[in-house]
>>> print(open('input-v2.cif').read())   # mmCIF, C-alpha atoms
data_model
loop_
_atom_site.label_atom_id
_atom_site.label_comp_id
_atom_site.auth_asym_id
_atom_site.auth_seq_id
_atom_site.Cartn_x
_atom_site.Cartn_y
_atom_site.Cartn_z
CA MET A 52 -30.62 1.67 -9.32
CA MET A 53 -31.41 2.27 -5.68
CA PRO A 54 -33.41 5.32 -4.62
CA GLY A 55 -31.47 8.57 -4.88
CA ALA A 56 -28.61 7.06 -6.90
CA ALA A 57 -29.74 8.75 -10.11
CA ASP A 58 -29.42 12.20 -8.47
CA ALA A 59 -26.16 11.60 -6.59
CA PHE A 60 -23.09 13.40 -7.90
CA GLY A 61 -19.59 13.04 -6.54
CA ILE A 62 -16.18 14.64 -6.98
CA TYR A 63 -13.00 12.57 -6.96
CA VAL A 64 -9.68 14.39 -6.38
CA HIS A 65 -6.49 12.49 -7.21
CA TRP A 66 -3.24 13.36 -5.43
CA PRO A 67 -0.67 11.18 -7.22
CA PHE A 68 2.36 11.49 -4.95
CA CYS A 69 3.72 8.97 -2.42
CA ARG A 70 6.78 8.82 -0.20
CA ALA A 71 7.49 5.34 -1.59
CA LYS A 72 5.80 3.00 -4.04
CA CYS A 73 4.22 0.00 -2.31
CA PRO A 74 5.21 -3.22 -4.10
CA TYR A 75 1.58 -4.37 -4.53
CA CYS A 76 0.19 -1.05 -5.79
CA ASP A 77 -0.94 -0.53 -9.38
CA PHE A 78 -2.69 2.80 -8.82
CA ASN A 79 -1.44 5.94 -10.55
CA SER A 80 1.07 6.93 -7.88
CA HIS A 81 4.49 8.53 -8.22
CA VAL A 82 7.51 9.15 -5.99
CA ARG A 83 9.28 12.51 -6.31
CA HIS A 84 12.62 12.99 -4.57
CA ALA A 85 12.47 16.76 -5.01
CA PRO A 86 9.79 18.71 -3.12
CA VAL A 87 6.40 18.75 -4.84
CA ASP A 88 4.97 22.20 -5.58
CA SER A 89 1.75 21.53 -3.70
CA ALA A 90 0.39 25.01 -4.36
CA ALA A 91 0.81 24.62 -8.12
CA PHE A 92 -0.93 21.24 -8.15
CA ALA A 93 -3.76 22.48 -5.92
CA SER A 94 -4.24 25.47 -8.23
CA ALA A 95 -4.38 23.12 -11.24
CA LEU A 96 -6.92 20.90 -9.49
CA ILE A 97 -9.11 23.95 -8.94
CA ARG A 98 -8.71 25.02 -12.57
CA GLU A 99 -9.72 21.56 -13.78
CA LEU A 100 -12.72 21.56 -11.44
CA THR A 101 -13.74 24.90 -12.97
CA TRP A 102 -13.58 23.39 -16.45
CA PHE A 103 -15.72 20.46 -15.33
CA ARG A 104 -18.33 22.82 -13.93
CA GLY A 105 -18.97 23.89 -17.52
CA GLU A 106 -19.49 20.25 -18.48
CA THR A 107 -21.80 19.27 -15.64
CA GLY A 108 -23.88 22.40 -15.21
CA PRO A 109 -25.34 23.13 -11.78
CA ARG A 110 -25.53 20.01 -9.65
CA GLY A 111 -25.69 19.10 -5.99
CA VAL A 112 -22.55 17.37 -4.68
CA SER A 113 -23.28 14.48 -2.33
CA SER A 114 -19.68 13.33 -1.77
CA VAL A 115 -16.05 14.29 -2.30
CA PHE A 116 -13.19 11.79 -2.16
CA PHE A 117 -9.47 12.60 -1.97
CA GLY A 118 -7.59 9.53 -3.21
CA GLY A 119 -4.17 8.77 -4.58
CA GLY A 120 -1.30 8.28 -4.30
CA THR A 121 -1.23 9.57 -0.77
CA PRO A 122 -3.59 12.47 -0.21
CA SER A 123 -2.46 12.76 3.42
CA LEU A 124 0.71 14.28 1.94
CA MET A 125 -1.40 17.26 0.80
CA PRO A 126 -1.03 20.30 3.03
CA PRO A 127 -4.31 20.95 4.85
CA ALA A 128 -4.46 24.40 3.26
CA ALA A 129 -4.44 22.79 -0.20
CA VAL A 130 -7.23 20.38 0.80
CA GLY A 131 -9.22 23.30 2.17
CA ALA A 132 -8.73 25.33 -1.02
CA VAL A 133 -10.03 22.47 -3.15
CA ILE A 134 -13.06 21.94 -0.90
CA GLU A 135 -13.81 25.67 -0.99
CA ALA A 136 -13.59 25.67 -4.80
CA ILE A 137 -16.02 22.76 -5.04
CA ALA A 138 -18.45 24.66 -2.81
CA ARG A 139 -18.16 27.72 -5.09
CA LEU A 140 -18.72 25.74 -8.26
CA TRP A 141 -21.51 23.40 -7.16
CA GLN A 142 -24.03 23.18 -4.35
CA VAL A 143 -22.54 20.91 -1.69
CA ALA A 144 -25.12 19.10 0.43
CA SER A 145 -25.10 20.05 4.09
CA ASN A 146 -24.51 16.40 4.98
CA ALA A 147 -22.01 15.73 2.17
CA GLU A 148 -19.43 13.04 2.87
CA ILE A 149 -15.89 14.37 2.32
CA THR A 150 -13.37 11.53 2.57
CA LEU A 151 -9.58 11.63 2.57
CA GLU A 152 -7.40 8.52 2.38
CA ALA A 153 -4.58 8.70 4.90
CA ASN A 154 -1.43 6.81 5.70
CA PRO A 155 -0.87 6.47 9.45
CA THR A 156 2.71 7.70 9.74
CA SER A 157 3.33 10.10 12.59
CA ALA A 158 4.10 12.95 10.18
CA GLU A 159 0.91 12.51 8.18
CA SER A 160 -1.39 12.00 11.16
CA GLY A 161 -0.10 15.36 12.36
CA ASN A 162 -2.21 16.87 9.54
CA PHE A 163 -5.47 15.32 10.77
CA ALA A 164 -6.64 18.32 12.78
CA GLY A 165 -5.95 20.56 9.78
CA TYR A 166 -7.99 18.31 7.48
CA ARG A 167 -10.90 18.36 9.89
CA ALA A 168 -10.76 22.17 10.03
CA ALA A 169 -10.68 22.22 6.22
CA GLY A 170 -13.99 20.33 6.05
CA VAL A 171 -13.02 16.66 5.77
CA THR A 172 -15.68 14.54 7.50
CA ARG A 173 -14.35 11.03 6.94
CA VAL A 174 -10.87 9.50 6.90
CA SER A 175 -9.93 6.10 5.51
CA VAL A 176 -6.83 5.01 7.44
CA GLY A 177 -4.51 2.64 5.59
CA VAL A 178 -3.46 0.50 8.54
CA GLN A 179 -2.96 -2.50 6.15
CA ALA A 180 -1.56 -4.85 8.82
CA LEU A 181 -1.15 -5.10 12.58
CA ASP A 182 2.15 -6.90 12.29
CA ASP A 183 5.42 -5.03 11.82
CA VAL A 184 7.05 -7.80 9.76
CA ALA A 185 4.08 -7.86 7.41
CA LEU A 186 4.09 -4.07 7.16
CA ARG A 187 7.74 -4.08 6.09
CA ALA A 188 7.00 -6.78 3.51
CA LEU A 189 4.16 -4.63 2.15
CA GLY A 190 6.51 -1.67 1.82
CA ARG A 191 4.65 0.40 4.39
CA GLN A 192 6.33 3.34 6.10
CA HIS A 193 4.66 2.93 9.51
CA SER A 194 4.61 0.48 12.39
CA ALA A 195 1.55 -1.23 13.84
CA ALA A 196 1.80 0.98 16.94
CA GLU A 197 1.88 4.13 14.78
CA ALA A 198 -1.11 2.89 12.79
CA LEU A 199 -3.22 2.29 15.89
CA ALA A 200 -2.26 5.67 17.34
CA ALA A 201 -3.20 7.40 14.07
CA PHE A 202 -6.49 5.54 13.83
CA ARG A 203 -7.44 6.43 17.40
CA LEU A 204 -6.59 10.08 16.71
CA ALA A 205 -8.72 10.03 13.54
CA ALA A 206 -11.61 8.46 15.46
CA ARG A 207 -11.51 11.36 17.93
CA LEU A 208 -11.37 14.06 15.24
CA PHE A 209 -13.64 12.85 12.43
CA PRO A 210 -17.33 11.88 12.49
CA ARG A 211 -16.59 8.72 10.52
CA VAL A 212 -13.46 6.65 9.95
CA SER A 213 -12.55 3.47 8.09
CA PHE A 214 -10.05 0.86 9.30
CA ASP A 215 -8.34 -0.60 6.21
CA LEU A 216 -6.45 -3.91 6.17
CA ILE A 217 -4.87 -6.23 3.60
CA TYR A 218 -5.06 -9.97 4.20
CA ALA A 219 -4.25 -13.23 2.39
CA ARG A 220 -0.63 -12.20 2.66
CA PRO A 221 2.25 -14.63 2.00
CA GLY A 222 2.50 -17.15 4.83
CA GLN A 223 -0.65 -15.95 6.58
CA THR A 224 -2.75 -18.64 8.24
CA VAL A 225 -6.42 -18.60 9.15
CA ASP A 226 -5.57 -18.57 12.86
CA ALA A 227 -3.16 -15.66 12.45
CA TRP A 228 -5.71 -13.69 10.44
CA ARG A 229 -8.45 -14.48 12.94
CA SER A 230 -6.29 -13.05 15.74
CA GLU A 231 -5.32 -9.95 13.74
CA LEU A 232 -8.88 -9.28 12.60
CA ALA A 233 -10.20 -9.68 16.16
CA ARG A 234 -7.77 -7.01 17.27
CA ALA A 235 -8.87 -4.70 14.45
CA LEU A 236 -12.55 -5.31 15.20
CA GLY A 237 -11.87 -4.11 18.72
CA GLU A 238 -10.61 -0.79 17.30
CA GLN A 239 -12.97 -0.15 14.36
CA GLN A 240 -15.60 2.57 14.54
CA GLY A 241 -18.24 1.30 12.10
CA HIS A 242 -16.45 0.73 8.79
CA MET A 243 -13.73 -1.65 7.63
CA SER A 244 -12.22 -2.13 4.18
CA LEU A 245 -10.68 -5.60 4.08
CA TYR A 246 -8.85 -6.46 0.86
CA GLN A 247 -7.28 -9.70 -0.19
CA LEU A 248 -3.77 -9.13 -1.50
CA THR A 249 -3.67 -9.64 -5.25
CA ILE A 250 -0.78 -9.62 -7.71
CA GLU A 251 -1.28 -6.81 -10.21
CA PRO A 252 0.67 -6.56 -13.49
CA ASP A 253 3.72 -4.29 -13.61
CA THR A 254 4.16 -4.13 -9.84
CA ALA A 255 7.18 -5.16 -7.83
CA PHE A 256 5.19 -8.07 -6.41
CA ALA A 257 4.38 -9.24 -9.94
CA GLY A 258 8.09 -9.52 -10.65
CA LEU A 259 8.68 -11.48 -7.45
CA ALA A 260 5.74 -13.77 -8.15
CA ALA A 261 7.04 -14.47 -11.65
CA THR A 262 10.30 -15.81 -10.21
CA GLY A 263 8.57 -17.80 -7.48
CA ALA A 264 10.01 -15.57 -4.75
CA LEU A 265 6.51 -14.52 -3.68
CA ARG A 266 3.63 -16.92 -3.18
CA LEU A 267 0.15 -15.96 -2.09
CA PRO A 268 -2.25 -18.38 -0.35
CA ASP A 269 -3.72 -20.95 -2.72
CA ASP A 270 -7.41 -20.84 -3.68
CA ASP A 271 -8.55 -23.05 -0.81
CA LEU A 272 -6.71 -21.03 1.83
CA ALA A 273 -7.82 -17.74 0.23
CA ALA A 274 -11.43 -18.94 0.37
CA ALA A 275 -11.03 -19.93 4.03
CA LEU A 276 -9.59 -16.51 4.84
CA PHE A 277 -12.49 -14.85 3.03
CA GLU A 278 -15.05 -16.95 4.90
CA THR A 279 -13.38 -16.13 8.22
CA THR A 280 -13.59 -12.44 7.34
CA GLN A 281 -17.31 -12.67 6.55
CA GLU A 282 -18.05 -14.63 9.70
CA MET A 283 -16.18 -12.35 12.09
CA THR A 284 -17.36 -9.03 10.64
CA ALA A 285 -20.97 -10.21 10.57
CA ALA A 286 -20.72 -11.30 14.20
CA ALA A 287 -19.43 -7.81 15.04
CA GLY A 288 -22.44 -6.19 13.34
CA LEU A 289 -20.59 -5.05 10.21
CA SER A 290 -22.55 -6.07 7.14
CA ALA A 291 -20.64 -6.94 3.95
CA TYR A 292 -22.37 -4.33 1.83
CA GLU A 293 -19.69 -4.78 -0.85
CA ILE A 294 -17.25 -7.58 -1.65
CA SER A 295 -14.44 -6.05 0.47
CA ASN A 296 -16.26 -3.45 2.56
CA HIS A 297 -18.10 -3.96 5.83
CA ALA A 298 -20.10 -1.44 7.83
CA ARG A 299 -22.68 -0.86 10.48
CA PRO A 300 -25.88 0.65 9.06
CA GLY A 301 -25.29 4.29 8.16
CA HIS A 302 -21.50 3.95 8.05
CA GLU A 303 -21.19 2.78 4.43
CA CYS A 304 -18.88 4.87 2.25
CA ARG A 305 -21.35 6.98 0.31
CA HIS A 306 -18.84 8.03 -2.35
CA ASN A 307 -17.91 4.46 -3.18
CA LEU A 308 -21.58 3.50 -3.23
CA LEU A 309 -22.04 6.19 -5.86
CA TYR A 310 -19.50 4.39 -8.07
CA TRP A 311 -20.97 0.96 -7.48
CA ARG A 312 -24.52 2.22 -8.10
CA TYR A 313 -23.25 3.86 -11.29
CA GLY A 314 -24.00 7.46 -10.41
CA ASP A 315 -22.32 10.46 -12.03
CA TYR A 316 -18.96 11.73 -10.84
CA THR A 317 -16.20 14.06 -11.91
CA GLY A 318 -12.58 13.05 -11.40
CA VAL A 319 -9.80 15.64 -11.36
CA GLY A 320 -6.06 15.22 -11.11
CA PRO A 321 -3.57 12.99 -12.95
CA GLY A 322 -5.13 9.76 -14.21
CA ALA A 323 -8.61 10.48 -12.83
CA HIS A 324 -11.72 9.12 -14.55
CA SER A 325 -15.20 10.59 -14.82
CA ARG A 326 -18.65 9.35 -15.77
CA LEU A 327 -21.08 12.09 -16.75
CA THR A 328 -24.60 11.82 -18.11
CA ARG A 329 -26.55 14.39 -20.08
CA ALA A 330 -28.16 13.18 -23.28
CA SER A 331 -25.75 10.23 -23.15
CA ARG A 332 -23.15 8.67 -20.85
CA ARG A 333 -19.59 9.95 -21.27
CA ALA A 334 -16.37 8.31 -20.09
CA LEU A 335 -13.52 10.77 -19.54
CA ALA A 336 -9.94 10.29 -18.38
CA THR A 337 -7.06 12.66 -17.69
CA GLU A 338 -3.35 12.46 -18.45
CA ARG A 339 -1.68 10.08 -15.99
CA HIS A 340 1.80 11.63 -15.68
CA PRO A 341 1.62 14.37 -13.01
CA GLU A 342 3.84 16.99 -14.61
CA SER A 343 2.36 16.36 -18.06
CA TRP A 344 -1.12 16.74 -16.57
CA LEU A 345 -0.04 19.99 -14.94
CA ARG A 346 1.14 21.39 -18.29
CA ARG A 347 -2.09 20.37 -20.01
CA VAL A 348 -4.20 22.08 -17.35
CA HIS A 349 -2.17 25.28 -17.70
CA GLN A 350 -2.59 25.20 -21.47
CA ALA A 351 -6.20 24.06 -21.86
CA GLY A 352 -7.83 24.34 -18.45
CA HIS A 353 -8.07 20.55 -18.14
CA GLY A 354 -5.97 17.42 -18.54
CA ILE A 355 -8.53 15.35 -20.48
CA VAL A 356 -6.98 12.85 -22.90
CA GLU A 357 -10.02 10.60 -23.41
CA ASP A 358 -13.66 11.59 -23.85
CA GLU A 359 -15.86 8.83 -25.23
CA LYS A 360 -19.59 8.47 -25.60
CA LEU A 361 -20.60 5.03 -24.31
CA THR A 362 -23.03 2.87 -26.21
CA ALA A 363 -26.08 1.57 -24.41
CA ARG A 364 -24.45 -1.88 -24.27
CA GLU A 365 -21.19 -0.51 -22.85
CA GLU A 366 -23.07 1.51 -20.25
CA ALA A 367 -25.09 -1.51 -19.18
CA SER A 368 -21.97 -3.66 -18.96
CA GLU A 369 -20.26 -1.12 -16.73
CA ARG A 370 -23.32 -0.93 -14.50
CA LEU A 371 -23.19 -4.71 -14.16
CA LEU A 372 -19.46 -4.83 -13.46
CA MET A 373 -19.74 -2.27 -10.70
CA GLY A 374 -23.11 -3.20 -9.23
CA LEU A 375 -22.54 -6.91 -8.72
CA ARG A 376 -19.86 -6.00 -6.19
CA LEU A 377 -22.71 -4.89 -3.92
CA ALA A 378 -24.76 -7.19 -1.73
CA GLU A 379 -27.87 -5.41 -3.06
CA GLY A 380 -26.94 -6.39 -6.63
CA VAL A 381 -28.16 -4.68 -9.79
CA PRO A 382 -31.48 -4.07 -11.52
CA ALA A 383 -32.46 -7.04 -13.66
CA SER A 384 -32.86 -4.64 -16.58
CA ALA A 385 -29.10 -3.90 -16.50
CA LEU A 386 -28.27 -7.50 -17.36
CA LEU A 387 -30.70 -7.59 -20.26
CA ALA A 388 -29.37 -4.27 -21.57
CA ALA A 389 -25.81 -5.62 -21.35
CA GLY A 390 -26.77 -8.55 -23.54
CA VAL A 391 -26.51 -11.19 -20.83
CA ALA A 392 -28.21 -14.33 -22.05
CA GLN A 393 -31.13 -15.52 -19.93
CA VAL A 394 -29.75 -19.03 -20.08
CA ARG A 395 -26.57 -17.86 -18.33
CA LEU A 396 -28.59 -16.26 -15.54
CA GLN A 397 -30.58 -19.42 -15.03
CA GLU A 398 -27.48 -21.59 -15.13
CA LEU A 399 -25.66 -19.52 -12.49
CA ALA A 400 -28.79 -19.31 -10.35
CA GLY A 401 -29.16 -23.07 -10.63
CA ARG A 402 -25.65 -23.48 -9.31
CA GLY A 403 -26.53 -21.32 -6.32
CA LEU A 404 -24.26 -18.44 -7.37
CA LEU A 405 -26.91 -15.84 -8.26
CA ALA A 406 -30.19 -14.82 -6.63
CA LEU A 407 -32.82 -13.75 -9.17
CA SER A 408 -35.99 -11.74 -8.72
CA PRO A 409 -38.11 -9.89 -11.28
CA GLU A 410 -36.47 -6.61 -10.17
CA ARG A 411 -32.89 -7.42 -9.11
CA VAL A 412 -30.00 -9.83 -9.52
CA SER A 413 -27.34 -10.34 -6.86
CA THR A 414 -24.64 -12.81 -5.97
CA THR A 415 -25.33 -15.31 -3.21
CA ALA A 416 -23.02 -16.07 -0.29
CA ALA A 417 -21.65 -18.93 -2.41
CA GLY A 418 -21.26 -16.71 -5.49
CA ARG A 419 -19.54 -13.77 -3.82
CA PRO A 420 -16.16 -15.50 -3.36
CA LEU A 421 -16.28 -16.36 -7.08
CA LEU A 422 -17.33 -12.91 -8.24
CA ASN A 423 -14.65 -12.52 -10.91
CA ALA A 424 -15.62 -15.80 -12.52
CA VAL A 425 -19.36 -15.06 -12.23
CA ILE A 426 -18.95 -11.70 -13.98
CA ARG A 427 -16.79 -13.18 -16.74
CA GLU A 428 -19.43 -15.82 -17.37
CA LEU A 429 -22.24 -13.26 -17.45
CA LEU A 430 -20.35 -11.01 -19.86
CA ARG A 431 -19.25 -13.78 -22.18
CA ASP A 432 -21.71 -12.56 -24.81
CA ALA A 433 -21.51 -8.86 -23.92
CA VAL A 434 -18.98 -6.12 -24.59
CA PRO A 435 -16.35 -5.06 -22.03
CA MET A 436 -16.10 -1.65 -20.41
CA ALA A 437 -14.95 1.07 -22.77
CA VAL A 438 -12.61 2.76 -20.26
CA PRO A 439 -11.44 1.42 -16.88
CA ILE A 440 -13.17 2.83 -13.83
CA ASN A 441 -10.28 3.23 -11.45
CA ASN A 442 -10.90 6.27 -9.31
CA ARG A 443 -10.05 4.07 -6.42
CA ALA A 444 -13.48 3.17 -5.21
CA ARG A 445 -10.64 1.48 -3.53
CA SER A 446 -11.45 -0.59 -6.52
CA GLY A 447 -8.62 -3.08 -6.31
CA PRO A 448 -8.57 -5.32 -9.40
CA ALA A 449 -10.28 -4.14 -12.55
CA VAL A 450 -13.32 -6.39 -12.13
CA ALA A 451 -13.69 -7.10 -8.45
CA GLN A 452 -11.77 -8.47 -5.55
CA SER A 453 -12.61 -11.99 -4.55
CA PRO A 454 -10.63 -15.00 -3.39
CA SER A 455 -10.68 -16.94 -6.61
CA ASP A 456 -11.03 -16.48 -10.32
CA HIS A 457 -12.03 -20.10 -10.70
CA TRP A 458 -15.13 -22.18 -10.11
CA ALA A 459 -15.14 -24.23 -6.97
#
>>> encode(input="input-v2.cif", output="structure tokens")
Amino acid sequence: MMPGAADAFGIYVHWPFCRAKCPYCDFNSHVRHAPVDSAAFASALIRELTWFRGETGPRGVSSVFFGGGTPSLMPPAAVGAVIEAIARLWQVASNAEITLEANPTSAESGNFAGYRAAGVTRVSVGVQALDDVALRALGRQHSAAEALAAFRLAARLFPRVSFDLIYARPGQTVDAWRSELARALGEQQGHMSLYQLTIEPDTAFAGLAATGALRLPDDDLAAALFETTQEMTAAAGLSAYEISNHARPGHECRHNLLYWRYGDYTGVGPGAHSRLTRASRRALATERHPESWLRRVHQAGHGIVEDEKLTAREEASERLLMGLRLAEGVPASALLAAGVAQVRLQELAGRGLLALSPERVSTTAAGRPLLNAVIRELLRDAVPMAVPINNRARSGPAVAQSPSDHWA
């Protein structure tokens, strides 16, 4: 673990509501046609945070992350109340990163000034595409012009912002992506999250793909799109510190780094997950259905439906699954603790997919596009994670996002 990771502690706040369900999304998000009682849900979030304070004891909070769903549908007053509650319950670092994921519709960007006043220091703007046809195909509720206007407003209001895009879309060529990414690079302010579109089970896109009505780029094209992304972001000074995240030094998302470095965090809200360590590592998860979660919180003070003590092998496997997403890799001890056979390490290193040192193991430039397959091979003799980690480290697929599941 990198310096400071053992002491870092984060809070994840899940707002599960969206105006519409995007056809590619498998996160715990819900559409409500009647108005959502935002005050009731904010009050329940605060009550669940209070319960968690009893579980964690006094700790210093290094980051807070509002994810969803669509947290930019939260009234700024509700965001402010949650931030104030966190500050009452724990000691929030003076330089804490407080991120909110935002959709760039005109209505939602109108809340940006309120979020800044409430204490949000970083906004992740879900631009997703700079092409109106592609945005409609992705089920987005904004235009490219709206997205750019919202991003520019966020860049003026917040100390740090992320420009988020989805690529490897149906029909997308390398030249088209190169042009779109160049335009985005001209707008970015130090951080970009660039995700390859993937087909997740039980989504609208999964149904279309099953009938052949939706086809993503094949492995070769996906790899070319990935390589173009690495080349162009690196040339712009944005290092690929994680498989789908690129930043100038100092602009990395500290909350997501906490996940990937396997620090402790508390997750509140419907379907949120937590990892807490005292004498042992605990994996906790809350009720996914929003109204059912709300009832549980009113009755018990929390919505926890799973609370499991992880074995040493499970803990090590999770550390490996998360940490190999990072360019810095994982401590070599994590692989041994996870039961990874030395022969597998040597075999993958011999194929140029892993870089080995006495202290750390990381994927190489050749191994990163094959991350899913590399991890599966490493964990062939080990146990899987006990509970999914899906507090949206904008985590994408359960293992990691990379262009191919298959060996080249």
>>> resolve_selection(input="input-v2.cif", expression="the PyMOL selection byres ((chain A and resi 339) around 10)", output="list in words")
Pro67, Asn79, Ser80, Gly320, Pro321, Gly322, Ala323, Ala336, Thr337, Glu338, His340, Pro341, Glu342, Ser343, Trp344, Gly354, Ile355 and Val356 of chain A
>>> residues_around(input="input-v2.cif", residues="A:Ala389", least_positions_apart="2", cutoff="8 Å", atoms="only C-alpha atoms", output="list of chain:residue names")
A:Ala363, A:Arg364, A:Glu365, A:Glu366, A:Ala367, A:Ser368, A:Leu371, A:Ala385, A:Leu386, A:Leu387, A:Val391, A:Leu430, A:Ala433, A:Val434
>>> resolve_selection(input="input-v2.cif", expression="the PyMOL selection byres ((chain A and resi 398-409) around 9)", output="number ranges by chain")
A: 382-383, 393-397, 410-419, 421-422, 425, 428-429
>>> write_last_selection(input="input-v2.cif", atoms="C-alpha atoms", output="mmCIF file, in the frame of the given file")
data_model
loop_
_atom_site.group_PDB
_atom_site.id
_atom_site.type_symbol
_atom_site.label_atom_id
_atom_site.label_comp_id
_atom_site.auth_asym_id
_atom_site.auth_seq_id
_atom_site.Cartn_x
_atom_site.Cartn_y
_atom_site.Cartn_z
ATOM 1 C CA PRO A 382 -31.480 -4.070 -11.520
ATOM 2 C CA ALA A 383 -32.460 -7.040 -13.660
ATOM 3 C CA GLN A 393 -31.130 -15.520 -19.930
ATOM 4 C CA VAL A 394 -29.750 -19.030 -20.080
ATOM 5 C CA ARG A 395 -26.570 -17.860 -18.330
ATOM 6 C CA LEU A 396 -28.590 -16.260 -15.540
ATOM 7 C CA GLN A 397 -30.580 -19.420 -15.030
ATOM 8 C CA GLU A 410 -36.470 -6.610 -10.170
ATOM 9 C CA ARG A 411 -32.890 -7.420 -9.110
ATOM 10 C CA VAL A 412 -30.000 -9.830 -9.520
ATOM 11 C CA SER A 413 -27.340 -10.340 -6.860
ATOM 12 C CA THR A 414 -24.640 -12.810 -5.970
ATOM 13 C CA THR A 415 -25.330 -15.310 -3.210
ATOM 14 C CA ALA A 416 -23.020 -16.070 -0.290
ATOM 15 C CA ALA A 417 -21.650 -18.930 -2.410
ATOM 16 C CA GLY A 418 -21.260 -16.710 -5.490
ATOM 17 C CA ARG A 419 -19.540 -13.770 -3.820
ATOM 18 C CA LEU A 421 -16.280 -16.360 -7.080
ATOM 19 C CA LEU A 422 -17.330 -12.910 -8.240
ATOM 20 C CA VAL A 425 -19.360 -15.060 -12.230
ATOM 21 C CA GLU A 428 -19.430 -15.820 -17.370
ATOM 22 C CA LEU A 429 -22.240 -13.260 -17.450
#
>>> resolve_selection(input="input-v2.cif", expression="the PyMOL selection byres ((chain A and resi 170-178) around 6)", output="VMD selection string")
chain A and resid 149 to 154 166 to 169 179 to 180 198 209 to 216
>>> write_last_selection(input="input-v2.cif", atoms="C-alpha atoms", output="short mmCIF file (atom, residue, chain, number, x, y, z; two decimals), in the coordinates of the input")
data_model
loop_
_atom_site.label_atom_id
_atom_site.label_comp_id
_atom_site.auth_asym_id
_atom_site.auth_seq_id
_atom_site.Cartn_x
_atom_site.Cartn_y
_atom_site.Cartn_z
CA ILE A 149 -15.89 14.37 2.32
CA THR A 150 -13.37 11.53 2.57
CA LEU A 151 -9.58 11.63 2.57
CA GLU A 152 -7.40 8.52 2.38
CA ALA A 153 -4.58 8.70 4.90
CA ASN A 154 -1.43 6.81 5.70
CA TYR A 166 -7.99 18.31 7.48
CA ARG A 167 -10.90 18.36 9.89
CA ALA A 168 -10.76 22.17 10.03
CA ALA A 169 -10.68 22.22 6.22
CA GLN A 179 -2.96 -2.50 6.15
CA ALA A 180 -1.56 -4.85 8.82
CA ALA A 198 -1.11 2.89 12.79
CA PHE A 209 -13.64 12.85 12.43
CA PRO A 210 -17.33 11.88 12.49
CA ARG A 211 -16.59 8.72 10.52
CA VAL A 212 -13.46 6.65 9.95
CA SER A 213 -12.55 3.47 8.09
CA PHE A 214 -10.05 0.86 9.30
CA ASP A 215 -8.34 -0.60 6.21
CA LEU A 216 -6.45 -3.91 6.17
#
>>> atom_distance(input="input-v2.cif", atom1="atom CA of A:Asp315", atom2="atom CA of A:Pro300")
23.5 Å
>>> atom_distance(input="input-v2.cif", atom1="atom CA of A:Glu106", atom2="atom CA of A:Arg139")
15.4 Å
>>> residues_around(input="input-v2.cif", residues="A:Ser89", least_positions_apart="3", cutoff="7 Å", atoms="only C-alpha atoms", output="PyMOL selection string")
chain A and resi 92-93+125
>>> write_last_selection(input="input-v2.cif", atoms="C-alpha atoms", output="compact mmCIF listing (two decimals), keeping the file's coordinate frame")
# COMPACT_ATOMS: atom_id res chain seq x y z
CA PHE A 92 -0.93 21.24 -8.15
CA ALA A 93 -3.76 22.48 -5.92
CA MET A 125 -1.40 17.26 0.80
>>> closest_residue(input="input-v2.cif", among="A:Arg376, A:Tyr75, A:Met283, A:Val319", to="A:Leu267", atoms="all atoms listed in the file")
A:Tyr75
>>> closest_residue(input="input-v2.cif", among="A:Leu335, A:Pro127, A:Val143, A:Leu375", to="A:Asp358", atoms="only C-alpha atoms")
A:Leu335
>>> closest_residue(input="input-v2.cif", among="A:Phe103, A:Ala273, A:Ala85, A:Ala91", to="A:Leu327", atoms="all atoms listed in the file")
A:Phe103
>>> atom_distance(input="input-v2.cif", atom1="atom CA of A:His306", atom2="atom CA of A:Phe116")
6.8 Å
>>> closest_residue(input="input-v2.cif", among="A:Ile294, A:Phe163, A:Gly288, A:Tyr316", to="A:Asn423", atoms="only C-alpha atoms")
A:Ile294
>>> decode(input="input-v2.cif", residues="stretch 64-70 of chain A", atoms="N, CA and C atoms", output="mmCIF file, in the first residue's frame")
data_model
loop_
_atom_site.group_PDB
_atom_site.id
_atom_site.type_symbol
_atom_site.label_atom_id
_atom_site.label_comp_id
_atom_site.auth_asym_id
_atom_site.auth_seq_id
_atom_site.Cartn_x
_atom_site.Cartn_y
_atom_site.Cartn_z
ATOM 1 N N VAL A 64 -21.611 8.555 -0.605
ATOM 2 C CA VAL A 64 -23.032 8.864 -0.423
ATOM 3 C C VAL A 64 -23.752 8.547 -1.722
ATOM 4 N N HIS A 65 -24.700 7.614 -1.672
ATOM 5 C CA HIS A 65 -25.381 7.173 -2.893
ATOM 6 C C HIS A 65 -26.756 7.815 -3.007
ATOM 7 N N TRP A 66 -26.955 8.573 -4.087
ATOM 8 C CA TRP A 66 -28.260 9.133 -4.421
ATOM 9 C C TRP A 66 -28.786 8.329 -5.600
ATOM 10 N N PRO A 67 -29.816 7.506 -5.408
ATOM 11 C CA PRO A 67 -30.148 6.471 -6.400
ATOM 12 C C PRO A 67 -31.050 6.913 -7.543
ATOM 13 N N PHE A 68 -31.482 8.164 -7.564
ATOM 14 C CA PHE A 68 -32.522 8.570 -8.505
ATOM 15 C C PHE A 68 -31.954 9.205 -9.767
ATOM 16 N N CYS A 69 -32.625 8.910 -10.896
ATOM 17 C CA CYS A 69 -32.270 9.479 -12.200
ATOM 18 C C CYS A 69 -33.534 9.956 -12.893
ATOM 19 N N ARG A 70 -33.370 10.886 -13.821
ATOM 20 C CA ARG A 70 -34.510 11.306 -14.649
ATOM 21 C C ARG A 70 -34.910 10.176 -15.608
#
